[in-house]
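Containing mmCIF, C-alpha atoms: final23.cif.
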```
data_work
#
loop_
_atom_site.label_atom_id
_atom_site.label_comp_id
_atom_site.auth_asym_id
_atom_site.auth_seq_id
_atom_site.Cartn_x
_atom_site.Cartn_y
_atom_site.Cartn_z
CA MET A 1 -7.15 0.46 19.09
CA LYS A 2 -6.62 -2.67 16.97
CA VAL A 3 -4.96 -2.39 13.55
CA LEU A 4 -6.04 -4.73 10.73
CA SER A 5 -4.42 -4.93 7.31
CA PHE A 6 -6.77 -6.83 5.00
CA GLY A 7 -4.89 -7.26 1.77
CA SER A 8 -2.90 -9.08 -0.83
CA LEU A 9 -0.13 -11.62 -0.40
CA ASN A 10 2.04 -12.11 -3.48
CA LEU A 11 5.19 -13.86 -4.53
CA ASP A 12 7.18 -11.33 -6.59
CA TYR A 13 9.29 -12.63 -9.50
CA VAL A 14 11.68 -9.76 -10.26
CA TYR A 15 13.59 -9.59 -13.54
CA THR A 16 16.49 -7.15 -13.96
CA VAL A 17 16.48 -5.62 -17.46
CA ASP A 18 18.28 -2.85 -19.33
CA HIS A 19 14.96 -1.16 -20.14
CA ILE A 20 11.27 -1.92 -19.71
CA VAL A 21 10.20 -4.23 -22.54
CA ARG A 22 8.28 -2.52 -25.35
CA PRO A 23 5.36 -4.09 -27.30
CA GLY A 24 6.63 -6.77 -29.68
CA GLU A 25 10.12 -6.76 -28.15
CA THR A 26 12.02 -9.64 -26.54
CA GLU A 27 14.74 -8.74 -24.05
CA MET A 28 17.19 -10.83 -22.09
CA SER A 29 17.08 -10.48 -18.31
CA ASP A 30 20.35 -10.35 -16.39
CA ARG A 31 18.87 -11.89 -13.25
CA ARG A 32 15.69 -13.28 -11.70
CA GLU A 33 14.99 -13.02 -7.99
CA VAL A 34 11.98 -14.10 -5.94
CA PHE A 35 10.69 -11.93 -3.10
CA VAL A 36 7.67 -11.88 -0.85
CA GLY A 37 5.32 -9.00 -1.55
CA GLY A 38 1.86 -7.81 -2.37
CA LYS A 39 0.66 -4.37 -1.32
CA GLY A 40 -1.14 -5.87 1.66
CA LEU A 41 1.92 -7.71 2.93
CA ASN A 42 4.25 -4.78 2.24
CA GLN A 43 2.05 -2.35 4.14
CA SER A 44 1.65 -4.77 7.06
CA VAL A 45 5.41 -5.20 7.28
CA ALA A 46 5.94 -1.44 7.05
CA MET A 47 3.47 -0.73 9.86
CA ALA A 48 5.02 -3.43 12.03
CA ARG A 49 8.58 -2.26 11.41
CA ALA A 50 7.46 1.31 12.13
CA GLY A 51 6.19 0.14 15.52
CA LEU A 52 2.51 -0.82 15.25
CA ALA A 53 0.90 -4.07 16.42
CA VAL A 54 -0.73 -5.36 13.23
CA ARG A 55 -3.01 -8.26 12.34
CA HIS A 56 -3.06 -9.35 8.69
CA ALA A 57 -5.97 -10.98 6.87
CA GLY A 58 -5.54 -12.53 3.45
CA LEU A 59 -5.45 -15.74 1.45
CA ILE A 60 -2.54 -17.83 0.16
CA GLY A 61 -2.03 -21.11 -1.69
CA LYS A 62 0.11 -23.98 -0.46
CA GLU A 63 3.22 -22.50 -2.11
CA GLY A 64 2.58 -19.26 -0.23
CA ALA A 65 4.10 -20.39 3.09
CA PRO A 66 7.05 -17.95 2.69
CA LEU A 67 4.53 -15.09 2.77
CA LYS A 68 3.16 -16.10 6.14
CA GLU A 69 6.70 -16.65 7.43
CA ALA A 70 7.71 -13.15 6.32
CA LEU A 71 4.78 -11.62 8.15
CA ASN A 72 5.59 -13.60 11.29
CA ASP A 73 9.24 -12.57 11.08
CA ALA A 74 8.15 -8.92 10.93
CA GLY A 75 6.04 -9.37 14.05
CA VAL A 76 2.69 -9.34 12.27
CA ASP A 77 -0.12 -11.51 13.70
CA THR A 78 -1.07 -14.02 10.96
CA SER A 79 -3.84 -15.88 12.81
CA LEU A 80 -6.37 -14.58 10.25
CA VAL A 81 -4.39 -15.68 7.17
CA LYS A 82 -6.05 -18.68 5.48
CA THR A 83 -4.55 -21.25 3.09
CA LEU A 84 -6.56 -22.45 0.07
CA ASP A 85 -6.01 -25.19 -2.50
CA ALA A 86 -5.37 -22.68 -5.30
CA PRO A 87 -2.43 -20.70 -6.78
CA THR A 88 -1.00 -17.95 -4.60
CA GLY A 89 -1.15 -14.45 -6.07
CA HIS A 90 2.05 -13.43 -7.81
CA THR A 91 3.66 -10.73 -9.91
CA PHE A 92 6.16 -10.49 -12.74
CA ILE A 93 8.21 -7.33 -12.24
CA GLN A 94 10.68 -5.75 -14.65
CA VAL A 95 13.22 -3.42 -13.02
CA ASN A 96 15.39 -1.31 -15.30
CA LYS A 97 18.86 0.12 -14.67
CA GLU A 98 17.34 3.35 -13.29
CA GLY A 99 15.33 1.38 -10.73
CA GLN A 100 11.94 2.01 -12.35
CA ASN A 101 9.55 -0.93 -12.57
CA SER A 102 6.74 -2.42 -14.63
CA ILE A 103 4.43 -4.96 -13.00
CA ILE A 104 2.09 -7.73 -14.20
CA LEU A 105 -0.18 -8.96 -11.40
CA PHE A 106 -1.94 -12.34 -11.22
CA GLY A 107 -4.55 -12.32 -8.49
CA GLY A 108 -4.73 -16.02 -7.57
CA THR A 109 -5.98 -16.54 -4.03
CA ASN A 110 -6.13 -12.77 -3.53
CA GLN A 111 -9.26 -12.82 -5.69
CA MET A 112 -10.99 -15.61 -3.73
CA VAL A 113 -12.21 -13.65 -0.70
CA THR A 114 -15.77 -14.65 0.27
CA GLU A 115 -18.45 -12.92 2.33
CA ASP A 116 -18.08 -15.58 5.01
CA TYR A 117 -14.35 -14.91 5.23
CA VAL A 118 -14.94 -11.14 5.48
CA ASP A 119 -17.43 -11.66 8.30
CA ALA A 120 -15.08 -14.05 10.11
CA VAL A 121 -12.15 -11.62 9.86
CA LEU A 122 -14.09 -8.59 11.09
CA LYS A 123 -16.04 -10.22 13.91
CA ASP A 124 -13.49 -9.23 16.58
CA PHE A 125 -13.05 -5.64 15.39
CA GLY A 126 -15.19 -2.64 16.21
CA GLN A 127 -15.47 1.07 16.87
CA GLY A 128 -12.21 2.98 16.67
CA ASP A 129 -10.19 0.10 15.22
CA LEU A 130 -8.35 0.80 11.97
CA ILE A 131 -8.56 -1.23 8.78
CA LEU A 132 -6.11 -0.65 5.94
CA LEU A 133 -7.21 -1.76 2.46
CA GLN A 134 -5.86 -1.87 -1.09
CA ASN A 135 -7.43 -2.98 -4.38
CA GLU A 136 -5.45 -6.19 -4.92
CA ILE A 137 -8.19 -8.32 -3.36
CA ASN A 138 -11.83 -8.85 -4.32
CA MET A 139 -14.86 -7.98 -2.16
CA LEU A 140 -13.41 -4.55 -1.43
CA ASP A 141 -16.84 -2.89 -1.51
CA ARG A 142 -18.21 -5.48 0.93
CA ILE A 143 -15.27 -5.04 3.30
CA ILE A 144 -15.67 -1.25 3.32
CA ASP A 145 -19.41 -1.51 4.00
CA LYS A 146 -18.94 -4.04 6.80
CA ALA A 147 -16.10 -2.09 8.43
CA PHE A 148 -18.18 1.11 8.26
CA GLU A 149 -21.09 -0.66 9.96
CA LYS A 150 -18.69 -1.48 12.78
CA ASN A 151 -17.54 2.16 13.04
CA MET A 152 -13.98 1.27 12.11
CA ILE A 153 -11.53 3.85 10.77
CA ILE A 154 -11.06 2.97 7.10
CA ALA A 155 -7.79 3.78 5.32
CA LEU A 156 -7.73 3.03 1.59
CA ASN A 157 -4.92 2.83 -0.93
CA PRO A 158 -7.00 2.43 -4.16
CA SER A 159 -4.25 0.67 -6.06
CA PRO A 160 -4.39 -0.67 -8.68
CA PHE A 161 -7.20 1.68 -9.70
CA ASP A 162 -9.94 0.02 -11.77
CA ARG A 163 -13.72 -0.02 -12.16
CA ARG A 164 -14.12 -1.91 -8.87
CA ILE A 165 -13.10 1.24 -6.99
CA ARG A 166 -16.12 3.01 -8.51
CA LYS A 167 -18.37 0.36 -6.91
CA CYS A 168 -17.11 1.21 -3.44
CA ALA A 169 -18.81 3.70 -1.11
CA LEU A 170 -15.80 6.00 -1.00
CA GLU A 171 -17.60 8.44 1.27
CA LYS A 172 -17.14 5.85 4.04
CA VAL A 173 -13.35 6.09 3.85
CA SER A 174 -11.57 8.15 6.53
CA LEU A 175 -8.11 8.38 4.91
CA PHE A 176 -7.02 8.00 1.31
CA LEU A 177 -3.40 7.19 0.46
CA VAL A 178 -2.81 7.74 -3.26
CA ASN A 179 0.03 8.53 -5.63
CA GLU A 180 -0.29 11.06 -8.42
CA VAL A 181 -1.55 8.48 -10.94
CA GLU A 182 -4.24 7.08 -8.63
CA GLY A 183 -5.15 10.60 -7.54
CA ALA A 184 -5.66 11.58 -11.17
CA GLN A 185 -7.67 8.45 -11.93
CA ILE A 186 -10.02 8.89 -9.01
CA SER A 187 -10.47 12.65 -9.47
CA GLY A 188 -10.31 13.07 -13.24
CA GLU A 189 -7.65 15.76 -12.83
CA SER A 190 -4.19 15.72 -14.41
CA PRO A 191 -1.44 13.87 -12.49
CA ASP A 192 0.64 17.02 -13.03
CA GLU A 193 -1.87 19.11 -11.02
CA PRO A 194 -1.60 17.84 -7.43
CA LYS A 195 -3.31 20.89 -5.95
CA LYS A 196 -6.33 20.31 -8.20
CA ILE A 197 -6.42 16.68 -7.07
CA LEU A 198 -6.46 17.85 -3.45
CA ASP A 199 -9.18 20.37 -4.33
CA TRP A 200 -11.28 17.54 -5.79
CA PHE A 201 -10.99 15.51 -2.61
CA GLY A 202 -12.00 18.61 -0.65
CA SER A 203 -15.12 18.92 -2.77
CA ALA A 204 -16.16 15.33 -3.54
CA LEU A 205 -14.91 13.52 -0.41
CA ARG A 206 -14.54 16.37 2.05
CA GLU A 207 -15.05 14.16 5.15
CA ALA A 208 -11.84 12.26 4.38
CA CYS A 209 -8.19 13.15 4.83
CA VAL A 210 -5.82 12.40 1.94
CA VAL A 211 -2.13 11.73 1.50
CA LEU A 212 -0.96 12.36 -2.07
CA THR A 213 2.53 11.07 -2.87
CA LEU A 214 4.35 12.45 -5.92
CA GLY A 215 7.49 10.32 -6.14
CA THR A 216 10.56 12.52 -6.55
CA GLN A 217 8.33 15.61 -6.26
CA GLY A 218 7.45 14.94 -2.62
CA ALA A 219 4.06 14.44 -0.93
CA TRP A 220 0.99 16.39 0.24
CA TYR A 221 -1.38 15.87 3.14
CA ARG A 222 -4.83 17.47 3.28
CA ASN A 223 -7.27 17.19 6.20
CA THR A 224 -11.02 17.79 6.43
CA ASN A 225 -10.47 21.47 7.25
CA ASP A 226 -8.42 21.88 4.06
CA ASN A 227 -5.21 22.35 6.02
CA ARG A 228 -2.34 21.19 3.81
CA VAL A 229 1.20 20.06 4.54
CA PHE A 230 3.85 19.54 1.86
CA GLN A 231 6.91 17.34 2.33
CA PRO A 232 9.78 17.43 -0.22
CA ALA A 233 11.23 14.12 -1.36
CA ILE A 234 14.64 12.95 -0.19
CA ARG A 235 16.96 12.17 -3.08
CA MET A 236 18.49 8.69 -3.08
CA ASP A 237 20.11 6.50 -5.73
CA ALA A 238 17.17 4.26 -6.64
CA LEU A 239 17.71 0.54 -7.13
CA ASP A 240 14.06 -0.56 -6.94
CA THR A 241 10.98 1.62 -6.32
CA THR A 242 8.58 -1.33 -5.92
CA ALA A 243 7.63 -0.89 -2.25
CA ALA A 244 8.31 2.84 -1.81
CA GLY A 245 4.64 3.81 -1.61
CA ASP A 246 3.80 0.92 0.70
CA THR A 247 6.66 1.89 3.01
CA PHE A 248 5.45 5.49 3.09
CA THR A 249 1.93 4.28 3.90
CA GLY A 250 3.02 2.07 6.79
CA TYR A 251 5.22 4.69 8.40
CA PHE A 252 2.68 7.48 7.91
CA LEU A 253 -0.05 5.43 9.57
CA GLU A 254 2.15 4.61 12.54
CA GLY A 255 2.66 8.30 13.20
CA TRP A 256 -0.94 9.24 12.40
CA LEU A 257 -2.35 6.67 14.81
CA ASN A 258 0.11 7.53 17.56
CA GLY A 259 -0.66 11.23 17.51
CA ARG A 260 2.52 12.55 15.92
CA SER A 261 2.23 15.90 14.15
CA ILE A 262 1.44 15.65 10.45
CA ALA A 263 4.79 17.27 9.63
CA SER A 264 6.56 14.60 11.70
CA CYS A 265 4.52 11.82 10.05
CA MET A 266 5.44 13.09 6.59
CA VAL A 267 9.15 13.47 7.34
CA ARG A 268 9.45 10.02 8.90
CA ALA A 269 7.48 8.33 6.09
CA THR A 270 9.59 10.11 3.47
CA LYS A 271 12.83 8.95 5.09
CA ALA A 272 11.55 5.37 5.25
CA ALA A 273 10.54 5.43 1.56
CA ALA A 274 13.91 6.89 0.59
CA ILE A 275 15.71 4.02 2.30
CA ALA A 276 13.38 1.49 0.64
CA VAL A 277 14.14 2.66 -2.91
CA SER A 278 17.86 2.26 -2.27
CA ARG A 279 17.36 -1.49 -1.79
CA LYS A 280 16.13 -4.36 -3.93
CA GLY A 281 12.90 -6.25 -3.41
CA ALA A 282 9.56 -5.27 -1.92
CA ALA A 283 9.14 -6.28 1.73
CA PRO A 284 12.89 -6.91 2.23
CA SER A 285 13.60 -3.28 1.33
CA ILE A 286 11.41 -1.82 4.09
CA PRO A 287 13.55 -0.30 6.87
CA PHE A 288 13.18 -0.76 10.62
CA ALA A 289 12.27 2.14 12.88
CA GLU A 290 15.78 2.08 14.37
CA GLU A 291 17.22 2.92 10.95
CA ILE A 292 15.02 6.01 10.71
CA GLU A 293 16.08 7.13 14.18
CA GLU A 294 19.76 6.56 13.36
CA TRP A 295 19.38 8.66 10.20
CA THR A 296 17.64 11.41 12.17
CA SER A 297 20.35 11.54 14.83
CA ALA A 298 23.28 11.27 12.39
#
```
What's the structure tokens form of this structure?
Amino acid sequence: MKVLSFGSLNLDYVYTVDHIVRPGETEMSDRREVFVGGKGLNQSVAMARAGLAVRHAGLIGKEGAPLKEALNDAGVDTSLVKTLDAPTGHTFIQVNKEGQNSIILFGGTNQMVTEDYVDAVLKDFGQGDLILLQNEINMLDRIIDKAFEKNMIIALNPSPFDRRIRKCALEKVSLFLVNEVEGAQISGESPDEPKKILDWFGSALREACVVLTLGTQGAWYRNTNDNRVFQPAIRMDALDTTAAGDTFTGYFLEGWLNGRSIASCMVRATKAAAIAVSRKGAAPSIPFAEEIEEWTSA
């Protein structure tokens, strides 16, 4: 099996603030830091650090070289990453003293995917290979259709959720990875009713499995037979929650693809996410597999 992460590559400009800025308010920031990120990059790094061989596809501008270097350093194959003469995607992130964040995303090159590029990326992938997608790049509907034609396993994190998700043939997705907000947006249920969100997936998209993360309330897994597994969260002092969901995704997929039990997948992913929130930055906060094993054996 080949593993492809087709997703965003962002430079993250992180501002430390006392509280998230309110409308009409100006607030001084104590510090600005620049990190590599993007949900696509974060999830590729997480899968690689968890132990998977990953190829990444995505677009950067000339100032985006640190993004490719970060992927290479994590052991991700970047032969499919292409450089354009355009601004690299980037974010402006506020992080408050409790570690919660607020994010403004500028798409840049992440929104310049073409049909030709999609076809070129997917030409060497086929039946049984996995593709992981998010909604920080354009052409998502085209990528899903093309991957489905090739009988690939499609895993989708529909974040950020917007009208483009509604254009996608979601019935072609094999595994959804959503948090409570995205689960509510896609299902129409309340984010405070996780079981109803899982019920909706069982009714509307019953051929897909779903992982529903709930932050400090833990996470659920539901398969196509409506078997459900709940995993409590692990409490940690949070410094930055930016890449927690991406870390969970990468570690869950490593276990899922390698035949671990769902309970084991959920525990390992939860431990990885807990470590990530205790550190600053997006990709730099993602732990290595050895750290999870050390925690388990301690």
Worksheet entry | Residues matched by the PyMOL selection byres ((chain A and resi 38) around 8), written as a PyMOL selection string | chain A and resi 7-12+36-37+39-42+90+136
Practice prompt. Pull out every residue that the PyMOL selection byres ((chain A and resi 113-115) around 8) matches in the shown coordinates and put them as a ChimeraX atom specification.
Written response: /A:58-59,109-112,116-119,137-139,142
Practice prompt. For Val3 of chain A, list every protein, DNA or RNA residue within 12 Å, evaluated using all atoms listed in the file, and leave out those in the same chain fewer than 3 positions away; present the list as an MDAnalysis selection string.
Written response: chainID A and resid 6 43:44 47:48 51:57 76:77 122 124:133 152:155 250 253:254 257:258
Restricting the output to C-alpha atoms, write the selected residues as a compact mmCIF listing (two decimals), keeping the file's coordinate frame.
```txt
# COMPACT_ATOMS: atom_id res chain seq x y z
CA PHE A 6 -6.77 -6.83 5.00
CA GLN A 43 2.05 -2.35 4.14
CA SER A 44 1.65 -4.77 7.06
CA MET A 47 3.47 -0.73 9.86
CA ALA A 48 5.02 -3.43 12.03
CA GLY A 51 6.19 0.14 15.52
CA LEU A 52 2.51 -0.82 15.25
CA ALA A 53 0.90 -4.07 16.42
CA VAL A 54 -0.73 -5.36 13.23
CA ARG A 55 -3.01 -8.26 12.34
CA HIS A 56 -3.06 -9.35 8.69
CA ALA A 57 -5.97 -10.98 6.87
CA VAL A 76 2.69 -9.34 12.27
CA ASP A 77 -0.12 -11.51 13.70
CA LEU A 122 -14.09 -8.59 11.09
CA ASP A 124 -13.49 -9.23 16.58
CA PHE A 125 -13.05 -5.64 15.39
CA GLY A 126 -15.19 -2.64 16.21
CA GLN A 127 -15.47 1.07 16.87
CA GLY A 128 -12.21 2.98 16.67
CA ASP A 129 -10.19 0.10 15.22
CA LEU A 130 -8.35 0.80 11.97
CA ILE A 131 -8.56 -1.23 8.78
CA LEU A 132 -6.11 -0.65 5.94
CA LEU A 133 -7.21 -1.76 2.46
CA MET A 152 -13.98 1.27 12.11
CA ILE A 153 -11.53 3.85 10.77
CA ILE A 154 -11.06 2.97 7.10
CA ALA A 155 -7.79 3.78 5.32
CA GLY A 250 3.02 2.07 6.79
CA LEU A 253 -0.05 5.43 9.57
CA GLU A 254 2.15 4.61 12.54
CA LEU A 257 -2.35 6.67 14.81
CA ASN A 258 0.11 7.53 17.56
```
Item to complete: Run the PyMOL selection byres ((chain A and resi 268) around 9) mentally over the shown coordinates, then write out the matched residues as a ChimeraX atom specification, using the chain letters and numbers from the document.
Response: /A:248,251-252,255,263-267,269-273,292-293,296
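Nearest residue to Asn101 of chain A, choosing from A:Ile275, A:Leu84, A:Leu198, A:Ala282 and counting all atoms listed in the file: A:Ala282.
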Could you give me, as a tab-separated table, a per-residue list for segment 163-190 of chain A showing, wherever an atom lies at most 10 Å from an atom of segment 219-242 of chain A, the closest pair of atoms and their distance in Å to one decimal, using all atoms listed in the file and sorting by chain then residue number from low to high?
```
residue	atom	partner	partner_atom	distance
A:Ser174	CA	A:Thr224	CA	9.7
A:Leu175	CA	A:Asn223	CA	8.9
A:Phe176	CA	A:Tyr221	CA	9.9
A:Leu177	CA	A:Tyr221	CA	9.3
A:Val178	CA	A:Ala219	CA	9.9
A:Asn179	CA	A:Ala219	CA	8.6
A:Glu180	CA	A:Ala219	CA	9.3
```
Item to complete: Can you work out the spacing between atom CA of Arg166 of chain A and atom CA of Gly61 of chain A in Å, to one decimal?
Response: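 One can read the atom CA of Arg166 of chain A to atom CA of Gly61 of chain A distance as 28.8 Å.
Proximity of A:Ala244, A:Leu170, A:Leu105, A:Ala120 to Ile93 of chain A, computed with all atoms listed in the file, is greatest for A:Leu105.
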Item to complete: Show which residues sit within 10 Å of Glu63 of chain A, as a PyMOL selection string. Count all atoms listed in the file, and ignore same-chain residues fewer than 5 positions away.
Response: chain A and resi 11+83+85-89
Practice prompt. Please check which residues have atoms at most 12 Å from (-5.9, 17.0, -6.5) in the file's coordinates, counting all atoms listed in the file, and write them as a count of residues only.
Written response: 40
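For the atom pair formed by atom CA of Glu294 of chain A and atom CA of Phe35 of chain A, the distance is 26.4 Å, given to one decimal.
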Worksheet entry | Contact residues around Val45 of chain A with all atoms listed in the file at 7 Å, ignoring same-chain residues under 4 positions, as a list of chain:residue names |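 Within the cut-off, the hits are A:Leu41, A:Arg49, A:Leu71, A:Ala74, A:Ala283.
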